[in-house]
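Here's the structure, in structure tokens; my notes come after.
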Amino acid sequence: MKKLWKNCHIATMQAGQYSSIENAAIVTLGQQIHWIGTFKDLPADAYAETIDLNGAWVTPGLIDCHTHSVFGGNRSVEFEKRLQGVSYAEIAASGGGIASTVRATREASEEQLLASALKRIRCLLKDGVTTIEIKSGYGLDYANERKMLRVIRQIAETLPMTVRSTCLAAHALPPEYQDQSDAYIEHICNEMLPKLHQEGLVDAVDAFCEYLAFSPAQVERVFKTAQSLNLPIKLHAEQLSSLGGSSLAARYQALSADHLEFMTEDDVKAMAAAGTVAVLLPGAFYFLRETKYPPLESLQQHGVRIALSSDLNPGTSPALSLRLMMNMGSTLFRLTPEQTLAAVTIHAAHALGLQETHGSLEQGKVADFVAWDIEHPSEIVYWLGGDLPKRIIQHGNEVSV
């Protein structure tokens with residue numbers, strides 16, 4: 001069934017630019033874009049439905065390519081304690097930090113995890129997000145990682161969004177493996193990943209390469225296992241220190257390396273050569289009051305694709321708005337609104353391996369787009385908070401939010 005969406009302007013985001021089409025139209029056929037161009041060039045045809053977009057600016061649906069949206073509880077009390085001068089180390093020593101989220105996630109049922117995650121993700125959907133990546137990593141044993149991944153699959157069945165599931169079992173050391181990090185990595189590689197993959201619960205594999213998490217050598221063992229299972233990889237790297245994790249990710253042709261505040265010039269060159277996307281997370285940068293900036297000039301100089309994401313998680317980025325993250329990407333990291341929009345569309349699609357089907361508005365790609373009641377695409381980044389008037393279309397159908 002062909003639908004005609006007319007009376008609009010389009011920022012197609014091809015090649016990471018607005019690539020604007022004014023006085024435009026889109027024809028969708030089922031879930032795909034059948035035709036796109038200026039209204040005067042619209043082919044004569046019969047349409048089952050014609051939708052007037054009233055002069056809106058149309059962009060690709062936004063893509064949130066790095067989230068930890070499924071978790072039990074929250075850490076708002078810890079946030080208040082930190083503001084009162086209690087250190088993160090003191091909070092962790094008293095059983096807080098990620099350990100508290102692991103406890104709450106293990107104690108929660110699938111139904112409870114699903115209900116709480118849906119509340120958060122609906123905020124992102126309302127913001128114009130039509131594709132989201134969600135990581136596990138708060139279960140840290142087979143049963144609870146499986147529980148989280150099953151919830152992620154249920155989210156995909158519940159919401160009108162494309163949902164990618166990433167196994168982040170190598171996120172932190174669980175309490176039952178205290179001082180046995182090598183043994184835990186072996187458990188991930190020999191037991192958890194193969195079983196979870198066999199159940200069809202994993203789209204990609206991630207790890208946290210950091211001095212307070214796992215070493216490059218340990219992460220490489222996870223990568224080799226993922227490679228043997230034909231699963232793409234991603235990596236949390238260089239957030240707190242420089243360990244060469246982003247270069248390691250590049251050697252394994254990772255889809256992305258994320259955070260990257262402490263990456264070196266050699267890391268940047270390695271990622272450029274491999275085509276690995278740099279995913280920057282301004283929410284965590286802001287929430288933790290970081291002062292070390294990712295090397296934006298170097299990334300741009302070497303042609304590394306830059307994506308942005310919410311990093312929605314309970315500890316360091318409780319962000320419920322990707323648009324706010326876009327504004328932070330411009331104000332904190334000095335990306336232009338055009339670069340920022342590319343960072344949550346076509347570059348974010350590359351970070352998930354979905355660039356052939358998502359991230360830009362082109363014939364043959366999925367019909368995921370947002371019709372914004374604005375005068376220029378830069379307004380998506382410009383306005384702080386609020387709910388910009390919009391119409392959200394996912395797979396060719398308007399979404400009610």
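For the structure tokens, the naming scheme is as follows: chains receive sequential letters (A, B, ...) according to their order of presentation, residues are indexed from 1 within each chain, and ligands are indexed from 1 in presentation order.
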Write out as a ChimeraX atom specification each polymer residue whose atoms come within 10 Å of segment 178-182 of chain A, counting only C-alpha atoms; drop sequence neighbours fewer than 2 positions from it.
/A:170,172-176,184-188,213-215,217-218,221
Restrict the selected residues to all heavy atoms and save them as a short mmCIF file (atom, residue, chain, number, x, y, z; two decimals), in the first residue's frame.
```cif
data_model
loop_
_atom_site.label_atom_id
_atom_site.label_comp_id
_atom_site.auth_asym_id
_atom_site.auth_seq_id
_atom_site.Cartn_x
_atom_site.Cartn_y
_atom_site.Cartn_z
N ALA A 170 30.68 -8.47 30.38
CA ALA A 170 31.99 -7.99 30.84
C ALA A 170 31.90 -6.51 31.18
O ALA A 170 32.62 -5.66 30.65
CB ALA A 170 33.05 -8.24 29.78
N ALA A 172 31.35 -5.44 34.76
CA ALA A 172 31.97 -5.32 36.08
C ALA A 172 32.14 -6.72 36.66
O ALA A 172 31.61 -7.69 36.12
CB ALA A 172 31.10 -4.46 37.01
N LEU A 173 32.90 -6.80 37.73
CA LEU A 173 33.14 -8.10 38.36
C LEU A 173 32.02 -8.39 39.35
O LEU A 173 31.79 -7.60 40.28
CB LEU A 173 34.49 -8.08 39.06
CG LEU A 173 35.11 -9.42 39.45
CD1 LEU A 173 35.36 -10.27 38.22
CD2 LEU A 173 36.40 -9.18 40.22
N PRO A 174 31.31 -9.50 39.19
CA PRO A 174 30.24 -9.82 40.14
C PRO A 174 30.82 -10.21 41.49
O PRO A 174 31.97 -10.66 41.59
CB PRO A 174 29.53 -11.00 39.47
CG PRO A 174 30.55 -11.63 38.60
CD PRO A 174 31.43 -10.52 38.12
N PRO A 175 30.02 -10.08 42.55
CA PRO A 175 30.55 -10.35 43.91
C PRO A 175 31.05 -11.77 44.09
O PRO A 175 32.01 -12.00 44.83
CB PRO A 175 29.36 -10.03 44.81
CG PRO A 175 28.15 -10.05 43.93
CD PRO A 175 28.62 -9.62 42.59
N GLU A 176 30.42 -12.73 43.42
CA GLU A 176 30.83 -14.12 43.59
C GLU A 176 32.17 -14.42 42.91
O GLU A 176 32.74 -15.50 43.11
CB GLU A 176 29.75 -15.08 43.10
CG GLU A 176 29.31 -14.86 41.67
CD GLU A 176 28.14 -13.90 41.54
OE1 GLU A 176 27.95 -13.04 42.43
OE2 GLU A 176 27.42 -14.00 40.53
N TYR A 184 36.16 -15.06 35.77
CA TYR A 184 34.87 -14.54 35.30
C TYR A 184 34.88 -14.37 33.78
O TYR A 184 33.90 -14.72 33.10
CB TYR A 184 34.54 -13.23 35.99
CG TYR A 184 33.22 -12.64 35.54
CD1 TYR A 184 32.03 -13.36 35.66
CD2 TYR A 184 33.15 -11.37 34.97
CE1 TYR A 184 30.82 -12.84 35.23
CE2 TYR A 184 31.95 -10.83 34.55
CZ TYR A 184 30.78 -11.58 34.68
OH TYR A 184 29.58 -11.06 34.25
N ILE A 185 35.97 -13.88 33.24
CA ILE A 185 36.07 -13.74 31.78
C ILE A 185 35.97 -15.10 31.11
O ILE A 185 35.29 -15.26 30.07
CB ILE A 185 37.39 -13.03 31.39
CG1 ILE A 185 37.36 -11.56 31.82
CG2 ILE A 185 37.65 -13.14 29.89
CD1 ILE A 185 36.33 -10.70 31.11
N GLU A 186 36.61 -16.10 31.68
CA GLU A 186 36.50 -17.45 31.13
C GLU A 186 35.05 -17.95 31.17
O GLU A 186 34.57 -18.59 30.24
CB GLU A 186 37.40 -18.42 31.91
CG GLU A 186 38.88 -18.24 31.63
CD GLU A 186 39.21 -18.41 30.15
OE1 GLU A 186 38.73 -19.39 29.53
OE2 GLU A 186 39.94 -17.55 29.61
N HIS A 187 34.35 -17.62 32.25
CA HIS A 187 32.94 -18.02 32.36
C HIS A 187 32.11 -17.35 31.27
O HIS A 187 31.25 -17.98 30.65
CB HIS A 187 32.42 -17.64 33.75
CG HIS A 187 30.97 -17.93 33.96
ND1 HIS A 187 30.44 -19.20 33.83
CD2 HIS A 187 29.92 -17.12 34.29
CE1 HIS A 187 29.13 -19.16 34.07
NE2 HIS A 187 28.81 -17.90 34.33
N ILE A 188 32.37 -16.06 31.03
CA ILE A 188 31.66 -15.37 29.95
C ILE A 188 31.92 -16.05 28.62
O ILE A 188 30.98 -16.31 27.84
CB ILE A 188 32.10 -13.89 29.89
CG1 ILE A 188 31.60 -13.13 31.12
CG2 ILE A 188 31.57 -13.22 28.61
CD1 ILE A 188 32.15 -11.71 31.22
N ALA A 213 37.69 -2.05 35.66
CA ALA A 213 36.84 -3.10 35.10
C ALA A 213 37.73 -4.23 34.57
O ALA A 213 38.22 -5.05 35.34
CB ALA A 213 35.93 -2.53 34.02
N PHE A 214 37.98 -4.25 33.24
CA PHE A 214 38.73 -5.37 32.65
C PHE A 214 39.86 -4.86 31.77
O PHE A 214 39.75 -3.82 31.11
CB PHE A 214 37.78 -6.26 31.84
CG PHE A 214 36.70 -6.87 32.69
CD1 PHE A 214 35.42 -6.35 32.69
CD2 PHE A 214 36.99 -7.93 33.54
CE1 PHE A 214 34.43 -6.88 33.50
CE2 PHE A 214 36.01 -8.48 34.36
CZ PHE A 214 34.72 -7.94 34.34
N SER A 215 40.95 -5.61 31.77
CA SER A 215 42.15 -5.22 31.05
C SER A 215 41.98 -5.46 29.55
O SER A 215 41.12 -6.24 29.13
CB SER A 215 43.35 -6.03 31.55
OG SER A 215 43.22 -7.40 31.14
N ALA A 217 43.79 -7.30 27.69
CA ALA A 217 43.98 -8.73 27.43
C ALA A 217 42.71 -9.52 27.73
O ALA A 217 42.34 -10.44 26.99
CB ALA A 217 45.15 -9.26 28.26
N GLN A 218 42.03 -9.17 28.81
CA GLN A 218 40.78 -9.85 29.14
C GLN A 218 39.69 -9.52 28.12
O GLN A 218 38.93 -10.41 27.69
CB GLN A 218 40.34 -9.45 30.55
CG GLN A 218 41.24 -10.00 31.64
CD GLN A 218 40.95 -9.40 33.01
OE1 GLN A 218 40.53 -8.25 33.13
NE2 GLN A 218 41.18 -10.19 34.06
N ARG A 221 39.96 -11.49 24.93
CA ARG A 221 39.40 -12.86 24.99
C ARG A 221 37.90 -12.84 24.72
O ARG A 221 37.37 -13.72 24.03
CB ARG A 221 39.70 -13.47 26.36
CG ARG A 221 41.14 -13.98 26.47
CD ARG A 221 41.72 -13.87 27.85
NE ARG A 221 41.09 -14.73 28.83
CZ ARG A 221 41.34 -14.68 30.15
NH1 ARG A 221 42.20 -13.78 30.61
NH2 ARG A 221 40.73 -15.50 30.97
#
```
Considering only C-alpha atoms, tabulate each residue of segment 44-117 of chain A that lies at most 7 Å from segment 341-349 of chain A along with its nearest interatomic pair and the corresponding distance in Å to one decimal; arrange the rows by chain and ascending residue number and present them as CSV.
```
residue,atom,partner,partner_atom,distance
A:Pro60,CA,A:Thr345,CA,6.4
A:Leu62,CA,A:Thr345,CA,5.5
A:Ile63,CA,A:Val344,CA,5.2
A:Asp64,CA,A:Val344,CA,6.6
A:Cys65,CA,A:Ala348,CA,5.7
```
Show which residues sit within 8 Å of Arg391 of chain A, as a list in words. Count only C-alpha atoms, and ignore same-chain residues fewer than 6 positions away.
Val370, Ala371, Trp372, Glu398 and Val399 of chain A
Okay, now the selection with N, CA and C atoms, as a PDB file, in the first residue's frame?
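See result.pdb below for the written result:
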```pdb
ATOM      1  N   VAL A 370      10.747  11.532  11.312  1.00  0.00           N
ATOM      2  CA  VAL A 370      10.035  12.428  12.226  1.00  0.00           C
ATOM      3  C   VAL A 370       9.738  13.714  11.484  1.00  0.00           C
ATOM      4  N   ALA A 371       8.484  14.146  11.530  1.00  0.00           N
ATOM      5  CA  ALA A 371       8.066  15.411  10.936  1.00  0.00           C
ATOM      6  C   ALA A 371       7.959  16.443  12.055  1.00  0.00           C
ATOM      7  N   TRP A 372       8.916  17.365  12.099  1.00  0.00           N
ATOM      8  CA  TRP A 372       9.026  18.347  13.175  1.00  0.00           C
ATOM      9  C   TRP A 372       8.354  19.655  12.783  1.00  0.00           C
ATOM     10  N   GLU A 398       2.331   5.990  11.303  1.00  0.00           N
ATOM     11  CA  GLU A 398       2.444   7.011  12.325  1.00  0.00           C
ATOM     12  C   GLU A 398       2.273   6.382  13.702  1.00  0.00           C
ATOM     13  N   VAL A 399       3.119   6.839  14.631  1.00  0.00           N
ATOM     14  CA  VAL A 399       3.162   6.283  15.980  1.00  0.00           C
ATOM     15  C   VAL A 399       2.425   7.224  16.924  1.00  0.00           C
TER      16      VAL A 399
END
```
If you count only C-alpha atoms, which residues fall within 12 Å of Ala143 of chain A, apart from same-chain ones fewer than 5 positions away, as a VMD selection string?
chain A and resid 105 to 107 109 to 110 136 to 138 148 to 150 169 191 to 193 195 to 196
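Straight-line separation from atom CA of Ile380 of chain A to atom CA of Phe285 of chain A: 21.0 Å.
By chain and then residue number, the residues within 10 Å of segment 289-298 of chain A are Glu238, Gln239, Leu240, His259, Leu260, Glu261, Phe262, Met263, Thr264, Glu265, Val268, Lys269, Ala278, Leu280, Leu281, Pro282, Gly283, Val304, Ile306, Leu332, Phe333, Arg334 and Leu335 of chain A, counting only C-alpha atoms and disregarding those fewer than 6 positions away in sequence.
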Pull N, CA, C and O atoms from the residues just selected and write them as a CSV table (one decimal), in the first residue's frame.
```csv
chain,number,residue,atom,x,y,z
A,238,GLU,N,38.5,4.1,27.2
A,238,GLU,CA,39.2,5.4,27.4
A,238,GLU,C,38.3,6.4,28.1
A,238,GLU,O,38.4,7.6,27.8
A,239,GLN,N,37.4,6.0,28.9
A,239,GLN,CA,36.6,6.9,29.7
A,239,GLN,C,37.4,7.6,30.8
A,239,GLN,O,37.2,8.8,31.0
A,240,LEU,N,38.1,6.8,31.5
A,240,LEU,CA,38.8,7.2,32.7
A,240,LEU,C,40.3,7.2,32.6
A,240,LEU,O,41.0,7.8,33.4
A,259,HIS,N,32.8,6.5,24.6
A,259,HIS,CA,33.3,7.4,25.7
A,259,HIS,C,34.5,8.2,25.1
A,259,HIS,O,34.4,9.3,24.7
A,260,LEU,N,35.7,7.6,25.2
A,260,LEU,CA,36.9,8.1,24.5
A,260,LEU,C,37.6,9.3,25.0
A,260,LEU,O,38.4,9.9,24.2
A,261,GLU,N,37.3,9.8,26.2
A,261,GLU,CA,37.9,11.0,26.6
A,261,GLU,C,39.4,11.0,26.7
A,261,GLU,O,40.1,12.0,26.4
A,262,PHE,N,40.0,9.8,27.0
A,262,PHE,CA,41.4,9.6,27.1
A,262,PHE,C,42.1,9.0,25.9
A,262,PHE,O,43.3,8.5,26.0
A,263,MET,N,41.5,8.9,24.8
A,263,MET,CA,42.1,8.2,23.6
A,263,MET,C,43.2,9.1,23.1
A,263,MET,O,43.3,10.3,23.2
A,264,THR,N,44.2,8.4,22.4
A,264,THR,CA,45.4,9.1,21.9
A,264,THR,C,45.2,9.3,20.4
A,264,THR,O,44.3,8.7,19.8
A,265,GLU,N,46.2,10.0,19.8
A,265,GLU,CA,46.2,10.2,18.4
A,265,GLU,C,46.3,8.8,17.6
A,265,GLU,O,45.7,8.6,16.6
A,268,VAL,N,43.0,7.2,17.5
A,268,VAL,CA,42.1,7.9,16.5
A,268,VAL,C,42.5,7.3,15.1
A,268,VAL,O,41.6,7.0,14.3
A,269,LYS,N,43.8,7.2,14.8
A,269,LYS,CA,44.2,6.7,13.5
A,269,LYS,C,43.7,5.3,13.3
A,269,LYS,O,43.3,4.9,12.2
A,278,ALA,N,33.2,6.6,16.6
A,278,ALA,CA,33.4,7.1,17.9
A,278,ALA,C,32.0,7.6,18.5
A,278,ALA,O,31.4,8.5,17.9
A,280,LEU,N,30.3,9.3,21.4
A,280,LEU,CA,30.5,10.2,22.5
A,280,LEU,C,29.2,10.3,23.3
A,280,LEU,O,28.1,10.3,22.8
A,281,LEU,N,29.5,10.5,24.7
A,281,LEU,CA,28.4,10.4,25.6
A,281,LEU,C,28.4,11.6,26.5
A,281,LEU,O,28.8,11.6,27.7
A,282,PRO,N,27.8,12.7,26.0
A,282,PRO,CA,27.9,14.0,26.8
A,282,PRO,C,27.1,13.9,28.1
A,282,PRO,O,27.4,14.7,29.0
A,283,GLY,N,26.1,13.1,28.2
A,283,GLY,CA,25.4,13.0,29.5
A,283,GLY,C,26.2,12.5,30.6
A,283,GLY,O,26.2,13.1,31.7
A,304,VAL,N,37.0,10.2,11.4
A,304,VAL,CA,36.2,9.2,12.2
A,304,VAL,C,34.8,9.7,12.3
A,304,VAL,O,34.5,10.8,12.7
A,306,ILE,N,31.4,10.4,14.0
A,306,ILE,CA,31.1,10.7,15.4
A,306,ILE,C,29.6,10.5,15.6
A,306,ILE,O,28.8,11.1,15.0
A,332,LEU,N,28.9,21.4,24.7
A,332,LEU,CA,30.0,20.9,25.4
A,332,LEU,C,31.1,20.5,24.4
A,332,LEU,O,32.3,20.8,24.7
A,333,PHE,N,30.8,19.8,23.4
A,333,PHE,CA,31.8,19.3,22.5
A,333,PHE,C,31.9,20.1,21.2
A,333,PHE,O,32.7,19.7,20.3
A,334,ARG,N,31.2,21.2,21.0
A,334,ARG,CA,31.3,22.1,19.9
A,334,ARG,C,31.0,21.5,18.6
A,334,ARG,O,31.5,21.9,17.5
A,335,LEU,N,30.1,20.5,18.5
A,335,LEU,CA,29.6,20.0,17.3
A,335,LEU,C,28.6,21.0,16.7
A,335,LEU,O,27.8,21.5,17.5
```
Contacts of Thr50 of chain A at 10 Å (only C-alpha atoms; same-chain gap of 2+ positions) as a PyMOL selection string:
chain A and resi 2-6+27+46-48+52-53
Residue set, segment 238-271 of chain A restricted to strand (DSSP E or B), as a PyMOL selection string:
chain A and resi 256-259
Compare A:Glu362, A:Asp258, A:Asp203, A:Asp267 by their minimum atom-to-atom distance to Ala307 of chain A, counting only C-alpha atoms, and give me the closest one.
A:Asp258
Please run DSSP on the backbone and report, as a PyMOL selection string, all residues within segment 15-259 of chain A that come out as helix (DSSP H, G or I).
chain A and resi 15-16+39-41+76-83+88-93+98-107+110-126+142-158+175-177+181-198+216-228+245-251
List as a tab-separated table every residue of segment 34-76 of chain A that is in contact with segment 10-21 of chain A, defined as an atom at most 8 Å from one of its atoms (using only C-alpha atoms), together with the nearest atom pair and the distance in Å rounded to one decimal, sorted by chain and then rising number.
```
residue	atom	partner	partner_atom	distance
A:Gly37	CA	A:Ile21	CA	6.7
A:Thr38	CA	A:Ile21	CA	6.5
A:Trp57	CA	A:Ile10	CA	5.6
A:Val58	CA	A:Ile10	CA	4.6
A:Thr59	CA	A:Ala11	CA	5.2
A:Pro60	CA	A:Thr12	CA	6.8
```
File dump, residues just selected, N, CA, C and O atoms, as an mmCIF file, in the first residue's frame:
```
data_model
loop_
_atom_site.group_PDB
_atom_site.id
_atom_site.type_symbol
_atom_site.label_atom_id
_atom_site.label_comp_id
_atom_site.auth_asym_id
_atom_site.auth_seq_id
_atom_site.Cartn_x
_atom_site.Cartn_y
_atom_site.Cartn_z
ATOM 1 N N GLY A 37 11.737 12.928 -3.006
ATOM 2 C CA GLY A 37 12.219 14.002 -3.876
ATOM 3 C C GLY A 37 11.354 15.239 -3.758
ATOM 4 O O GLY A 37 10.552 15.380 -2.827
ATOM 5 N N THR A 38 11.519 16.154 -4.692
ATOM 6 C CA THR A 38 10.696 17.364 -4.697
ATOM 7 C C THR A 38 9.284 17.013 -5.161
ATOM 8 O O THR A 38 9.084 16.114 -5.986
ATOM 9 N N TRP A 57 9.512 20.051 8.878
ATOM 10 C CA TRP A 57 10.834 19.562 8.493
ATOM 11 C C TRP A 57 10.924 18.086 8.890
ATOM 12 O O TRP A 57 10.690 17.730 10.048
ATOM 13 N N VAL A 58 11.268 17.245 7.926
ATOM 14 C CA VAL A 58 11.336 15.806 8.152
ATOM 15 C C VAL A 58 12.794 15.377 8.261
ATOM 16 O O VAL A 58 13.625 15.737 7.417
ATOM 17 N N THR A 59 13.107 14.627 9.303
ATOM 18 C CA THR A 59 14.441 14.045 9.470
ATOM 19 C C THR A 59 14.297 12.537 9.614
ATOM 20 O O THR A 59 13.200 12.033 9.889
ATOM 21 N N PRO A 60 15.382 11.796 9.468
ATOM 22 C CA PRO A 60 15.322 10.375 9.833
ATOM 23 C C PRO A 60 14.913 10.230 11.300
ATOM 24 O O PRO A 60 15.152 11.123 12.121
#
```
Which neighbours of Arg153 of chain A fall inside 10 Å, counting only C-alpha atoms, when residues of the same chain fewer than 5 positions from it are skipped, and could you give them as number ranges by chain?
A: 114, 134, 148, 158, 163-165, 200-202
In Å, rounded to a single decimal, give me how far atom CA of Gln363 of chain A is from atom CA of Ile26 of chain A.
9.2 Å
Compare A:Ile392, A:Leu320, A:Ala249, A:Leu354 by their minimum atom-to-atom distance to Cys123 of chain A, counting only C-alpha atoms, and give me the closest one.
A:Leu320
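Taking only C-alpha atoms into account, Val366 of chain A lies nearest to A:Met161 out of the set A:Leu229, A:Ala44, A:Met161, A:Cys189.
One distance worth recording is that between atom CA of Leu159 of chain A and atom CA of Thr67 of chain A, which is 15.9 Å.
Minimum atom-to-atom distance to Gly139 of chain A, evaluated using only C-alpha atoms, belongs to A:Thr101 out of A:Thr101, A:Gln253, A:Gln355, A:Asn313.
When only C-alpha atoms are used to measure the gap to Gly61 of chain A, the shortest distance among A:Asp206, A:Asp127, A:Glu220, A:Glu133 belongs to A:Asp127.
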